[in-house]
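Next comes entry.cif, a file with mmCIF, N, CA, C and O atoms.
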data_run
loop_
_atom_site.group_PDB
_atom_site.id
_atom_site.type_symbol
_atom_site.label_atom_id
_atom_site.label_comp_id
_atom_site.auth_asym_id
_atom_site.auth_seq_id
_atom_site.Cartn_x
_atom_site.Cartn_y
_atom_site.Cartn_z
ATOM 1 N N MET A 41 0.845 -1.172 0.000
ATOM 2 C CA MET A 41 0.000 0.000 0.000
ATOM 3 C C MET A 41 0.895 1.241 0.000
ATOM 4 O O MET A 41 1.954 1.259 0.625
ATOM 5 N N TYR A 42 0.438 2.245 -0.721
ATOM 6 C CA TYR A 42 1.131 3.522 -0.746
ATOM 7 C C TYR A 42 0.077 4.615 -0.674
ATOM 8 O O TYR A 42 -0.836 4.640 -1.505
ATOM 9 N N ASN A 43 0.174 5.468 0.305
ATOM 10 C CA ASN A 43 -0.782 6.548 0.487
ATOM 11 C C ASN A 43 -2.217 6.024 0.615
ATOM 12 O O ASN A 43 -3.166 6.649 0.188
ATOM 13 N N GLY A 44 -2.354 4.811 1.158
ATOM 14 C CA GLY A 44 -3.678 4.227 1.370
ATOM 15 C C GLY A 44 -4.221 3.434 0.202
ATOM 16 O O GLY A 44 -5.339 2.919 0.261
ATOM 17 N N TYR A 45 -3.458 3.304 -0.892
ATOM 18 C CA TYR A 45 -3.893 2.568 -2.081
ATOM 19 C C TYR A 45 -2.865 1.489 -2.419
ATOM 20 O O TYR A 45 -1.686 1.633 -2.104
ATOM 21 N N PRO A 46 -3.286 0.440 -3.126
ATOM 22 C CA PRO A 46 -2.320 -0.590 -3.532
ATOM 23 C C PRO A 46 -1.243 -0.009 -4.455
ATOM 24 O O PRO A 46 -1.518 0.901 -5.240
ATOM 25 N N THR A 47 -0.044 -0.541 -4.342
ATOM 26 C CA THR A 47 1.023 -0.132 -5.250
ATOM 27 C C THR A 47 0.774 -0.741 -6.624
ATOM 28 O O THR A 47 0.007 -1.679 -6.781
ATOM 29 N N GLY A 48 1.453 -0.194 -7.629
ATOM 30 C CA GLY A 48 1.295 -0.690 -8.990
ATOM 31 C C GLY A 48 2.031 -1.989 -9.229
ATOM 32 O O GLY A 48 1.686 -2.750 -10.120
ATOM 33 N N GLN A 49 3.042 -2.268 -8.444
ATOM 34 C CA GLN A 49 3.843 -3.475 -8.648
ATOM 35 C C GLN A 49 4.124 -4.144 -7.303
ATOM 36 O O GLN A 49 4.299 -3.472 -6.290
ATOM 37 N N SER A 50 4.167 -5.468 -7.323
ATOM 38 C CA SER A 50 4.509 -6.226 -6.119
ATOM 39 C C SER A 50 5.993 -6.081 -5.827
ATOM 40 O O SER A 50 6.815 -6.121 -6.742
ATOM 41 N N ARG A 51 6.308 -5.918 -4.565
ATOM 42 C CA ARG A 51 7.704 -5.862 -4.139
ATOM 43 C C ARG A 51 7.819 -6.726 -2.895
ATOM 44 O O ARG A 51 8.070 -6.256 -1.800
ATOM 45 N N VAL A 52 7.578 -7.992 -3.106
ATOM 46 C CA VAL A 52 7.558 -8.964 -2.005
ATOM 47 C C VAL A 52 8.938 -9.000 -1.366
ATOM 48 O O VAL A 52 9.933 -8.940 -2.085
ATOM 49 N N PRO A 53 9.083 -9.092 -0.078
ATOM 50 C CA PRO A 53 8.056 -9.434 0.886
ATOM 51 C C PRO A 53 7.366 -8.229 1.521
ATOM 52 O O PRO A 53 6.408 -8.384 2.250
ATOM 53 N N SER A 54 7.844 -7.015 1.245
ATOM 54 C CA SER A 54 7.309 -5.880 2.000
ATOM 55 C C SER A 54 6.101 -5.196 1.358
ATOM 56 O O SER A 54 5.334 -4.553 2.056
ATOM 57 N N TYR A 55 5.924 -5.294 0.060
ATOM 58 C CA TYR A 55 4.810 -4.634 -0.611
ATOM 59 C C TYR A 55 4.003 -5.641 -1.423
ATOM 60 O O TYR A 55 4.568 -6.517 -2.074
ATOM 61 N N PHE A 56 2.704 -5.479 -1.405
ATOM 62 C CA PHE A 56 1.839 -6.259 -2.278
ATOM 63 C C PHE A 56 1.223 -5.287 -3.268
ATOM 64 O O PHE A 56 0.668 -4.258 -2.881
ATOM 65 N N GLY A 57 1.317 -5.605 -4.546
ATOM 66 C CA GLY A 57 0.758 -4.741 -5.577
ATOM 67 C C GLY A 57 -0.716 -5.009 -5.789
ATOM 68 O O GLY A 57 -1.303 -5.915 -5.201
ATOM 69 N N ILE A 58 -1.313 -4.228 -6.669
ATOM 70 C CA ILE A 58 -2.745 -4.321 -6.947
ATOM 71 C C ILE A 58 -3.136 -5.740 -7.367
ATOM 72 O O ILE A 58 -4.183 -6.236 -6.980
ATOM 73 N N LYS A 59 -2.293 -6.432 -8.121
ATOM 74 C CA LYS A 59 -2.651 -7.788 -8.587
ATOM 75 C C LYS A 59 -2.759 -8.780 -7.434
ATOM 76 O O LYS A 59 -3.473 -9.762 -7.521
ATOM 77 N N ASP A 60 -2.057 -8.508 -6.341
ATOM 78 C CA ASP A 60 -2.102 -9.396 -5.183
ATOM 79 C C ASP A 60 -3.401 -9.250 -4.386
ATOM 80 O O ASP A 60 -3.725 -10.099 -3.575
ATOM 81 N N TRP A 61 -4.125 -8.168 -4.621
ATOM 82 C CA TRP A 61 -5.364 -7.900 -3.900
ATOM 83 C C TRP A 61 -6.593 -8.304 -4.720
ATOM 84 O O TRP A 61 -7.723 -8.153 -4.267
ATOM 85 N N MET A 62 -6.374 -8.790 -5.941
ATOM 86 C CA MET A 62 -7.491 -9.109 -6.830
ATOM 87 C C MET A 62 -7.537 -10.592 -7.154
ATOM 88 O O MET A 62 -6.498 -11.241 -7.266
ATOM 89 N N ASN A 63 -8.726 -11.102 -7.338
ATOM 90 C CA ASN A 63 -8.939 -12.477 -7.762
ATOM 91 C C ASN A 63 -9.651 -12.410 -9.108
ATOM 92 O O ASN A 63 -10.815 -12.026 -9.176
ATOM 93 N N THR A 64 -8.943 -12.719 -10.177
ATOM 94 C CA THR A 64 -9.506 -12.582 -11.521
ATOM 95 C C THR A 64 -9.477 -13.909 -12.261
ATOM 96 O O THR A 64 -8.652 -14.774 -11.997
ATOM 97 N N SER A 65 -10.379 -14.036 -13.205
ATOM 98 C CA SER A 65 -10.429 -15.202 -14.077
ATOM 99 C C SER A 65 -10.576 -14.695 -15.507
ATOM 100 O O SER A 65 -11.386 -13.810 -15.775
ATOM 101 N N GLY A 66 -9.759 -15.216 -16.424
ATOM 102 C CA GLY A 66 -9.811 -14.778 -17.810
ATOM 103 C C GLY A 66 -9.072 -13.480 -18.053
ATOM 104 O O GLY A 66 -9.176 -12.878 -19.108
ATOM 105 N N VAL A 67 -8.306 -13.063 -17.055
ATOM 106 C CA VAL A 67 -7.546 -11.812 -17.126
ATOM 107 C C VAL A 67 -6.133 -12.099 -16.630
ATOM 108 O O VAL A 67 -5.944 -12.812 -15.654
ATOM 109 N N THR A 68 -5.139 -11.542 -17.321
ATOM 110 C CA THR A 68 -3.757 -11.687 -16.883
ATOM 111 C C THR A 68 -3.226 -10.318 -16.478
ATOM 112 O O THR A 68 -3.419 -9.343 -17.200
ATOM 113 N N ALA A 69 -2.571 -10.263 -15.329
ATOM 114 C CA ALA A 69 -1.981 -9.018 -14.833
ATOM 115 C C ALA A 69 -0.541 -8.916 -15.308
ATOM 116 O O ALA A 69 0.233 -9.852 -15.161
ATOM 117 N N TYR A 70 -0.202 -7.764 -15.878
ATOM 118 C CA TYR A 70 1.161 -7.483 -16.326
ATOM 119 C C TYR A 70 1.680 -6.284 -15.553
ATOM 120 O O TYR A 70 1.119 -5.190 -15.660
ATOM 121 N N GLU A 71 2.723 -6.491 -14.783
ATOM 122 C CA GLU A 71 3.346 -5.382 -14.075
ATOM 123 C C GLU A 71 4.312 -4.706 -15.044
ATOM 124 O O GLU A 71 5.414 -5.185 -15.268
ATOM 125 N N VAL A 72 3.860 -3.617 -15.633
ATOM 126 C CA VAL A 72 4.622 -2.928 -16.673
ATOM 127 C C VAL A 72 5.852 -2.242 -16.087
ATOM 128 O O VAL A 72 6.937 -2.298 -16.649
ATOM 129 N N ASN A 73 5.671 -1.576 -14.966
ATOM 130 C CA ASN A 73 6.787 -0.962 -14.251
ATOM 131 C C ASN A 73 6.386 -0.832 -12.784
ATOM 132 O O ASN A 73 5.381 -1.404 -12.372
ATOM 133 N N THR A 74 7.127 -0.078 -12.004
ATOM 134 C CA THR A 74 6.872 -0.032 -10.563
ATOM 135 C C THR A 74 5.567 0.661 -10.191
ATOM 136 O O THR A 74 5.074 0.494 -9.085
ATOM 137 N N THR A 75 4.988 1.427 -11.100
ATOM 138 C CA THR A 75 3.759 2.152 -10.773
ATOM 139 C C THR A 75 2.567 1.765 -11.637
ATOM 140 O O THR A 75 1.473 2.273 -11.425
ATOM 141 N N LEU A 76 2.767 0.891 -12.610
ATOM 142 C CA LEU A 76 1.703 0.564 -13.566
ATOM 143 C C LEU A 76 1.496 -0.944 -13.685
ATOM 144 O O LEU A 76 2.447 -1.688 -13.932
ATOM 145 N N THR A 77 0.247 -1.360 -13.525
ATOM 146 C CA THR A 77 -0.141 -2.744 -13.775
ATOM 147 C C THR A 77 -1.310 -2.740 -14.748
ATOM 148 O O THR A 77 -2.252 -1.961 -14.595
ATOM 149 N N GLU A 78 -1.229 -3.589 -15.769
ATOM 150 C CA GLU A 78 -2.313 -3.726 -16.744
ATOM 151 C C GLU A 78 -2.992 -5.074 -16.551
ATOM 152 O O GLU A 78 -2.327 -6.089 -16.367
ATOM 153 N N PHE A 79 -4.301 -5.064 -16.613
ATOM 154 C CA PHE A 79 -5.100 -6.279 -16.554
ATOM 155 C C PHE A 79 -5.672 -6.489 -17.946
ATOM 156 O O PHE A 79 -6.558 -5.746 -18.372
ATOM 157 N N ARG A 80 -5.139 -7.485 -18.664
ATOM 158 C CA ARG A 80 -5.519 -7.722 -20.058
ATOM 159 C C ARG A 80 -6.475 -8.914 -20.153
ATOM 160 O O ARG A 80 -6.259 -9.947 -19.511
ATOM 161 N N ILE A 81 -7.498 -8.765 -20.983
ATOM 162 C CA ILE A 81 -8.494 -9.813 -21.187
ATOM 163 C C ILE A 81 -7.866 -10.895 -22.064
ATOM 164 O O ILE A 81 -7.478 -10.641 -23.212
ATOM 165 N N ASP A 82 -7.763 -12.107 -21.528
ATOM 166 C CA ASP A 82 -7.037 -13.197 -22.190
ATOM 167 C C ASP A 82 -7.546 -13.545 -23.588
ATOM 168 O O ASP A 82 -6.760 -13.731 -24.501
ATOM 169 N N ASN A 83 -8.850 -13.646 -23.763
ATOM 170 C CA ASN A 83 -9.369 -14.121 -25.052
ATOM 171 C C ASN A 83 -9.786 -12.991 -25.986
ATOM 172 O O ASN A 83 -10.474 -13.229 -26.974
ATOM 173 N N ALA A 84 -9.345 -11.776 -25.730
ATOM 174 C CA ALA A 84 -9.662 -10.640 -26.597
ATOM 175 C C ALA A 84 -8.895 -10.755 -27.909
ATOM 176 O O ALA A 84 -7.809 -11.337 -27.949
ATOM 177 N N PRO A 85 -9.441 -10.199 -29.014
ATOM 178 C CA PRO A 85 -8.704 -10.204 -30.279
ATOM 179 C C PRO A 85 -7.309 -9.577 -30.143
ATOM 180 O O PRO A 85 -6.350 -10.061 -30.734
ATOM 181 N N ASP A 86 -7.183 -8.510 -29.364
ATOM 182 C CA ASP A 86 -5.893 -7.881 -29.097
ATOM 183 C C ASP A 86 -5.828 -7.522 -27.612
ATOM 184 O O ASP A 86 -6.214 -6.419 -27.213
ATOM 185 N N PRO A 87 -5.351 -8.446 -26.783
ATOM 186 C CA PRO A 87 -5.317 -8.201 -25.332
ATOM 187 C C PRO A 87 -4.527 -6.959 -24.916
ATOM 188 O O PRO A 87 -4.798 -6.380 -23.882
ATOM 189 N N THR A 88 -3.570 -6.517 -25.738
ATOM 190 C CA THR A 88 -2.801 -5.319 -25.384
ATOM 191 C C THR A 88 -3.634 -4.049 -25.510
ATOM 192 O O THR A 88 -3.240 -2.995 -25.015
ATOM 193 N N LYS A 89 -4.791 -4.164 -26.188
ATOM 194 C CA LYS A 89 -5.695 -3.018 -26.336
ATOM 195 C C LYS A 89 -7.081 -3.328 -25.797
ATOM 196 O O LYS A 89 -8.052 -2.680 -26.149
ATOM 197 N N CYS A 90 -7.154 -4.338 -24.968
ATOM 198 C CA CYS A 90 -8.398 -4.697 -24.277
ATOM 199 C C CYS A 90 -8.002 -4.917 -22.818
ATOM 200 O O CYS A 90 -7.732 -6.039 -22.400
ATOM 201 N N LYS A 91 -7.931 -3.798 -22.098
ATOM 202 C CA LYS A 91 -7.307 -3.870 -20.776
ATOM 203 C C LYS A 91 -7.800 -2.760 -19.860
ATOM 204 O O LYS A 91 -8.423 -1.794 -20.298
ATOM 205 N N VAL A 92 -7.467 -2.932 -18.603
ATOM 206 C CA VAL A 92 -7.630 -1.888 -17.595
ATOM 207 C C VAL A 92 -6.235 -1.630 -17.041
ATOM 208 O O VAL A 92 -5.547 -2.561 -16.626
ATOM 209 N N ALA A 93 -5.823 -0.372 -17.075
ATOM 210 C CA ALA A 93 -4.500 -0.001 -16.588
ATOM 211 C C ALA A 93 -4.649 0.732 -15.255
ATOM 212 O O ALA A 93 -5.428 1.675 -15.139
ATOM 213 N N TYR A 94 -3.905 0.288 -14.256
ATOM 214 C CA TYR A 94 -3.916 0.883 -12.922
ATOM 215 C C TYR A 94 -2.592 1.586 -12.690
ATOM 216 O O TYR A 94 -1.528 0.969 -12.711
ATOM 217 N N HIS A 95 -2.651 2.905 -12.488
ATOM 218 C CA HIS A 95 -1.465 3.708 -12.197
ATOM 219 C C HIS A 95 -1.513 4.094 -10.727
ATOM 220 O O HIS A 95 -2.451 4.777 -10.296
ATOM 221 N N GLN A 96 -0.531 3.670 -9.975
ATOM 222 C CA GLN A 96 -0.544 3.935 -8.534
ATOM 223 C C GLN A 96 -0.378 5.419 -8.242
ATOM 224 O O GLN A 96 0.073 6.192 -9.085
ATOM 225 N N VAL A 97 -0.727 5.788 -7.034
ATOM 226 C CA VAL A 97 -0.539 7.143 -6.523
ATOM 227 C C VAL A 97 0.955 7.429 -6.455
ATOM 228 O O VAL A 97 1.729 6.583 -6.008
ATOM 229 N N GLU A 98 1.353 8.601 -6.905
ATOM 230 C CA GLU A 98 2.766 8.965 -6.806
ATOM 231 C C GLU A 98 2.992 10.187 -5.927
ATOM 232 O O GLU A 98 4.112 10.458 -5.526
ATOM 233 N N THR A 99 1.937 10.922 -5.634
ATOM 234 C CA THR A 99 2.044 12.117 -4.814
ATOM 235 C C THR A 99 1.060 12.017 -3.661
ATOM 236 O O THR A 99 -0.100 11.643 -3.864
ATOM 237 N N PHE A 100 1.513 12.350 -2.472
ATOM 238 C CA PHE A 100 0.647 12.281 -1.304
ATOM 239 C C PHE A 100 -0.618 13.106 -1.536
ATOM 240 O O PHE A 100 -0.555 14.235 -2.003
ATOM 241 N N GLY A 101 -1.752 12.510 -1.227
ATOM 242 C CA GLY A 101 -3.030 13.183 -1.381
ATOM 243 C C GLY A 101 -3.731 12.898 -2.701
ATOM 244 O O GLY A 101 -4.901 13.219 -2.855
ATOM 245 N N ASP A 102 -3.023 12.335 -3.666
ATOM 246 C CA ASP A 102 -3.633 11.988 -4.946
ATOM 247 C C ASP A 102 -4.350 10.646 -4.857
ATOM 248 O O ASP A 102 -4.204 9.915 -3.884
ATOM 249 N N THR A 103 -5.092 10.320 -5.891
ATOM 250 C CA THR A 103 -5.746 9.012 -5.995
ATOM 251 C C THR A 103 -5.206 8.296 -7.223
ATOM 252 O O THR A 103 -4.715 8.944 -8.153
ATOM 253 N N PRO A 104 -5.288 6.964 -7.239
ATOM 254 C CA PRO A 104 -4.802 6.211 -8.399
ATOM 255 C C PRO A 104 -5.596 6.572 -9.657
ATOM 256 O O PRO A 104 -6.724 7.050 -9.579
ATOM 257 N N THR A 105 -4.987 6.301 -10.797
ATOM 258 C CA THR A 105 -5.641 6.507 -12.082
ATOM 259 C C THR A 105 -5.948 5.143 -12.674
ATOM 260 O O THR A 105 -5.093 4.260 -12.695
ATOM 261 N N VAL A 106 -7.171 4.986 -13.154
ATOM 262 C CA VAL A 106 -7.584 3.756 -13.817
ATOM 263 C C VAL A 106 -8.040 4.126 -15.216
ATOM 264 O O VAL A 106 -8.917 4.971 -15.382
ATOM 265 N N VAL A 107 -7.411 3.509 -16.233
ATOM 266 C CA VAL A 107 -7.727 3.797 -17.630
ATOM 267 C C VAL A 107 -8.200 2.512 -18.287
ATOM 268 O O VAL A 107 -7.527 1.475 -18.208
ATOM 269 N N VAL A 108 -9.351 2.572 -18.958
ATOM 270 C CA VAL A 108 -9.917 1.423 -19.656
ATOM 271 C C VAL A 108 -9.706 1.605 -21.153
ATOM 272 O O VAL A 108 -10.027 2.659 -21.706
ATOM 273 N N ASP A 109 -9.129 0.596 -21.806
ATOM 274 C CA ASP A 109 -8.934 0.590 -23.258
ATOM 275 C C ASP A 109 -9.711 -0.578 -23.829
ATOM 276 O O ASP A 109 -9.394 -1.733 -23.548
ATOM 277 N N THR A 110 -10.731 -0.298 -24.621
ATOM 278 C CA THR A 110 -11.560 -1.352 -25.235
ATOM 279 C C THR A 110 -11.378 -1.406 -26.747
ATOM 280 O O THR A 110 -12.112 -2.110 -27.424
ATOM 281 N N SER A 111 -10.380 -0.714 -27.275
ATOM 282 C CA SER A 111 -10.195 -0.649 -28.731
ATOM 283 C C SER A 111 -9.828 -1.999 -29.345
ATOM 284 O O SER A 111 -10.013 -2.196 -30.547
ATOM 285 N N GLY A 112 -9.337 -2.955 -28.552
ATOM 286 C CA GLY A 112 -8.967 -4.267 -29.080
ATOM 287 C C GLY A 112 -9.855 -5.385 -28.590
ATOM 288 O O GLY A 112 -9.500 -6.552 -28.695
ATOM 289 N N CYS A 113 -11.030 -5.032 -28.068
ATOM 290 C CA CYS A 113 -11.909 -6.058 -27.478
ATOM 291 C C CYS A 113 -12.812 -6.712 -28.499
ATOM 292 O O CYS A 113 -13.368 -6.325 -29.351
#
Please express what this file holds, its structure, as structure tokens.
Amino acid sequence: MYNGYPTGQSRVPSYFGIKDWMNTSGVTAYEVNTTLTEFRIDNAPDPTKCKVAYHQVETFGDTPTVVVDTSGC
């Protein structure tokens, strides 16, 4: 957790990222970097463009950003 929200990437043993807090089926989590995790729909025509991207908080007081891309669904 960072600033009260899940981090974008797992840093075990001390940090659990957003993917560690979710139970998904038919979706694969990709930790793109330390602040970004993408949840891609496995059976989509283009999973790289059929996803939900979670950007962790980077500044105290901010909230995470969630971006949905359905252009490849």
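For the file at hand, the PyMOL selection byres ((chain A and resi 92) around 4.5) resolves to Thr77, Glu78, Phe79, Lys91, Ala93, Tyr94 and Val107 of chain A.
Assigned to helix (DSSP H, G or I) in chain A, given DSSP computed from backbone atoms, are Ile58, Lys59, Asp60, Trp61, Pro87, Thr88 and Lys89 of chain A.
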**Request:** Scan for residues within 7 Å of the point (5.5, -2.0, -9.1) in the coordinates of the file, using only N, CA, C and O atoms, and reply as a VMD selection string.
**Result:** chain A and resid 47 to 51 57 71 to 77
**Request:** Tell me, in Å to one decimal, how far atom CA of A:Met41 is from atom CA of A:Arg80.
**Result:** 22.2 Å
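Within a radius of 7 Å around (-10.0, -2.7, -29.1), the polymer residues are Asp86, Lys89, Cys90, Asp109, Thr110, Ser111, Gly112 and Cys113 of chain A, counting only C-alpha atoms.
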**Between atom N of A:Phe100 and atom C of A:Asn63, distance in Å (one decimal)** = 28.0 Å
Tell me, which residues of stretch 50-108 of chain A carry DSSP strand (DSSP E or B), written as an mmCIF file with N, CA, C and O atoms, in the coordinates of the input?
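Saved to result_37.cif:
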data_model
loop_
_atom_site.group_PDB
_atom_site.id
_atom_site.type_symbol
_atom_site.label_atom_id
_atom_site.label_comp_id
_atom_site.auth_asym_id
_atom_site.auth_seq_id
_atom_site.Cartn_x
_atom_site.Cartn_y
_atom_site.Cartn_z
ATOM 1 N N ARG A 51 6.308 -5.918 -4.565
ATOM 2 C CA ARG A 51 7.704 -5.862 -4.139
ATOM 3 C C ARG A 51 7.819 -6.726 -2.895
ATOM 4 O O ARG A 51 8.070 -6.256 -1.800
ATOM 5 N N TYR A 55 5.924 -5.294 0.060
ATOM 6 C CA TYR A 55 4.810 -4.634 -0.611
ATOM 7 C C TYR A 55 4.003 -5.641 -1.423
ATOM 8 O O TYR A 55 4.568 -6.517 -2.074
ATOM 9 N N GLY A 57 1.317 -5.605 -4.546
ATOM 10 C CA GLY A 57 0.758 -4.741 -5.577
ATOM 11 C C GLY A 57 -0.716 -5.009 -5.789
ATOM 12 O O GLY A 57 -1.303 -5.915 -5.201
ATOM 13 N N VAL A 67 -8.306 -13.063 -17.055
ATOM 14 C CA VAL A 67 -7.546 -11.812 -17.126
ATOM 15 C C VAL A 67 -6.133 -12.099 -16.630
ATOM 16 O O VAL A 67 -5.944 -12.812 -15.654
ATOM 17 N N THR A 68 -5.139 -11.542 -17.321
ATOM 18 C CA THR A 68 -3.757 -11.687 -16.883
ATOM 19 C C THR A 68 -3.226 -10.318 -16.478
ATOM 20 O O THR A 68 -3.419 -9.343 -17.200
ATOM 21 N N ALA A 69 -2.571 -10.263 -15.329
ATOM 22 C CA ALA A 69 -1.981 -9.018 -14.833
ATOM 23 C C ALA A 69 -0.541 -8.916 -15.308
ATOM 24 O O ALA A 69 0.233 -9.852 -15.161
ATOM 25 N N TYR A 70 -0.202 -7.764 -15.878
ATOM 26 C CA TYR A 70 1.161 -7.483 -16.326
ATOM 27 C C TYR A 70 1.680 -6.284 -15.553
ATOM 28 O O TYR A 70 1.119 -5.190 -15.660
ATOM 29 N N GLU A 71 2.723 -6.491 -14.783
ATOM 30 C CA GLU A 71 3.346 -5.382 -14.075
ATOM 31 C C GLU A 71 4.312 -4.706 -15.044
ATOM 32 O O GLU A 71 5.414 -5.185 -15.268
ATOM 33 N N LEU A 76 2.767 0.891 -12.610
ATOM 34 C CA LEU A 76 1.703 0.564 -13.566
ATOM 35 C C LEU A 76 1.496 -0.944 -13.685
ATOM 36 O O LEU A 76 2.447 -1.688 -13.932
ATOM 37 N N THR A 77 0.247 -1.360 -13.525
ATOM 38 C CA THR A 77 -0.141 -2.744 -13.775
ATOM 39 C C THR A 77 -1.310 -2.740 -14.748
ATOM 40 O O THR A 77 -2.252 -1.961 -14.595
ATOM 41 N N GLU A 78 -1.229 -3.589 -15.769
ATOM 42 C CA GLU A 78 -2.313 -3.726 -16.744
ATOM 43 C C GLU A 78 -2.992 -5.074 -16.551
ATOM 44 O O GLU A 78 -2.327 -6.089 -16.367
ATOM 45 N N PHE A 79 -4.301 -5.064 -16.613
ATOM 46 C CA PHE A 79 -5.100 -6.279 -16.554
ATOM 47 C C PHE A 79 -5.672 -6.489 -17.946
ATOM 48 O O PHE A 79 -6.558 -5.746 -18.372
ATOM 49 N N ARG A 80 -5.139 -7.485 -18.664
ATOM 50 C CA ARG A 80 -5.519 -7.722 -20.058
ATOM 51 C C ARG A 80 -6.475 -8.914 -20.153
ATOM 52 O O ARG A 80 -6.259 -9.947 -19.511
ATOM 53 N N ILE A 81 -7.498 -8.765 -20.983
ATOM 54 C CA ILE A 81 -8.494 -9.813 -21.187
ATOM 55 C C ILE A 81 -7.866 -10.895 -22.064
ATOM 56 O O ILE A 81 -7.478 -10.641 -23.212
ATOM 57 N N LYS A 91 -7.931 -3.798 -22.098
ATOM 58 C CA LYS A 91 -7.307 -3.870 -20.776
ATOM 59 C C LYS A 91 -7.800 -2.760 -19.860
ATOM 60 O O LYS A 91 -8.423 -1.794 -20.298
ATOM 61 N N VAL A 92 -7.467 -2.932 -18.603
ATOM 62 C CA VAL A 92 -7.630 -1.888 -17.595
ATOM 63 C C VAL A 92 -6.235 -1.630 -17.041
ATOM 64 O O VAL A 92 -5.547 -2.561 -16.626
ATOM 65 N N ALA A 93 -5.823 -0.372 -17.075
ATOM 66 C CA ALA A 93 -4.500 -0.001 -16.588
ATOM 67 C C ALA A 93 -4.649 0.732 -15.255
ATOM 68 O O ALA A 93 -5.428 1.675 -15.139
ATOM 69 N N TYR A 94 -3.905 0.288 -14.256
ATOM 70 C CA TYR A 94 -3.916 0.883 -12.922
ATOM 71 C C TYR A 94 -2.592 1.586 -12.690
ATOM 72 O O TYR A 94 -1.528 0.969 -12.711
ATOM 73 N N HIS A 95 -2.651 2.905 -12.488
ATOM 74 C CA HIS A 95 -1.465 3.708 -12.197
ATOM 75 C C HIS A 95 -1.513 4.094 -10.727
ATOM 76 O O HIS A 95 -2.451 4.777 -10.296
ATOM 77 N N THR A 105 -4.987 6.301 -10.797
ATOM 78 C CA THR A 105 -5.641 6.507 -12.082
ATOM 79 C C THR A 105 -5.948 5.143 -12.674
ATOM 80 O O THR A 105 -5.093 4.260 -12.695
ATOM 81 N N VAL A 106 -7.171 4.986 -13.154
ATOM 82 C CA VAL A 106 -7.584 3.756 -13.817
ATOM 83 C C VAL A 106 -8.040 4.126 -15.216
ATOM 84 O O VAL A 106 -8.917 4.971 -15.382
ATOM 85 N N VAL A 107 -7.411 3.509 -16.233
ATOM 86 C CA VAL A 107 -7.727 3.797 -17.630
ATOM 87 C C VAL A 107 -8.200 2.512 -18.287
ATOM 88 O O VAL A 107 -7.527 1.475 -18.208
ATOM 89 N N VAL A 108 -9.351 2.572 -18.958
ATOM 90 C CA VAL A 108 -9.917 1.423 -19.656
ATOM 91 C C VAL A 108 -9.706 1.605 -21.153
ATOM 92 O O VAL A 108 -10.027 2.659 -21.706
#
**Request:** Could you give me, as a PyMOL selection string, the residues within 8 Å of A:Asn43, counting only N, CA, C and O atoms and dropping anything in the same chain fewer than 6 positions from it?
**Result:** chain A and resi 97-104
**Prompt:** So what does the PyMOL selection byres (((chain A and resi 82 and name CA) around 6) and name CA) actually pick up in this one, as JSON, numbers by chain?
**Reply:** {"A": [66, 67, 81, 83, 84]}
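The interatomic distance for the pair atom O of A:Gln96 and atom N of A:Thr68 works out to 20.2 Å.
Among the candidates A:Tyr70, A:Met62, A:Pro87, A:Phe56, the residue lying nearest to A:Tyr42 is A:Phe56 (atoms considered: only N, CA, C and O atoms).
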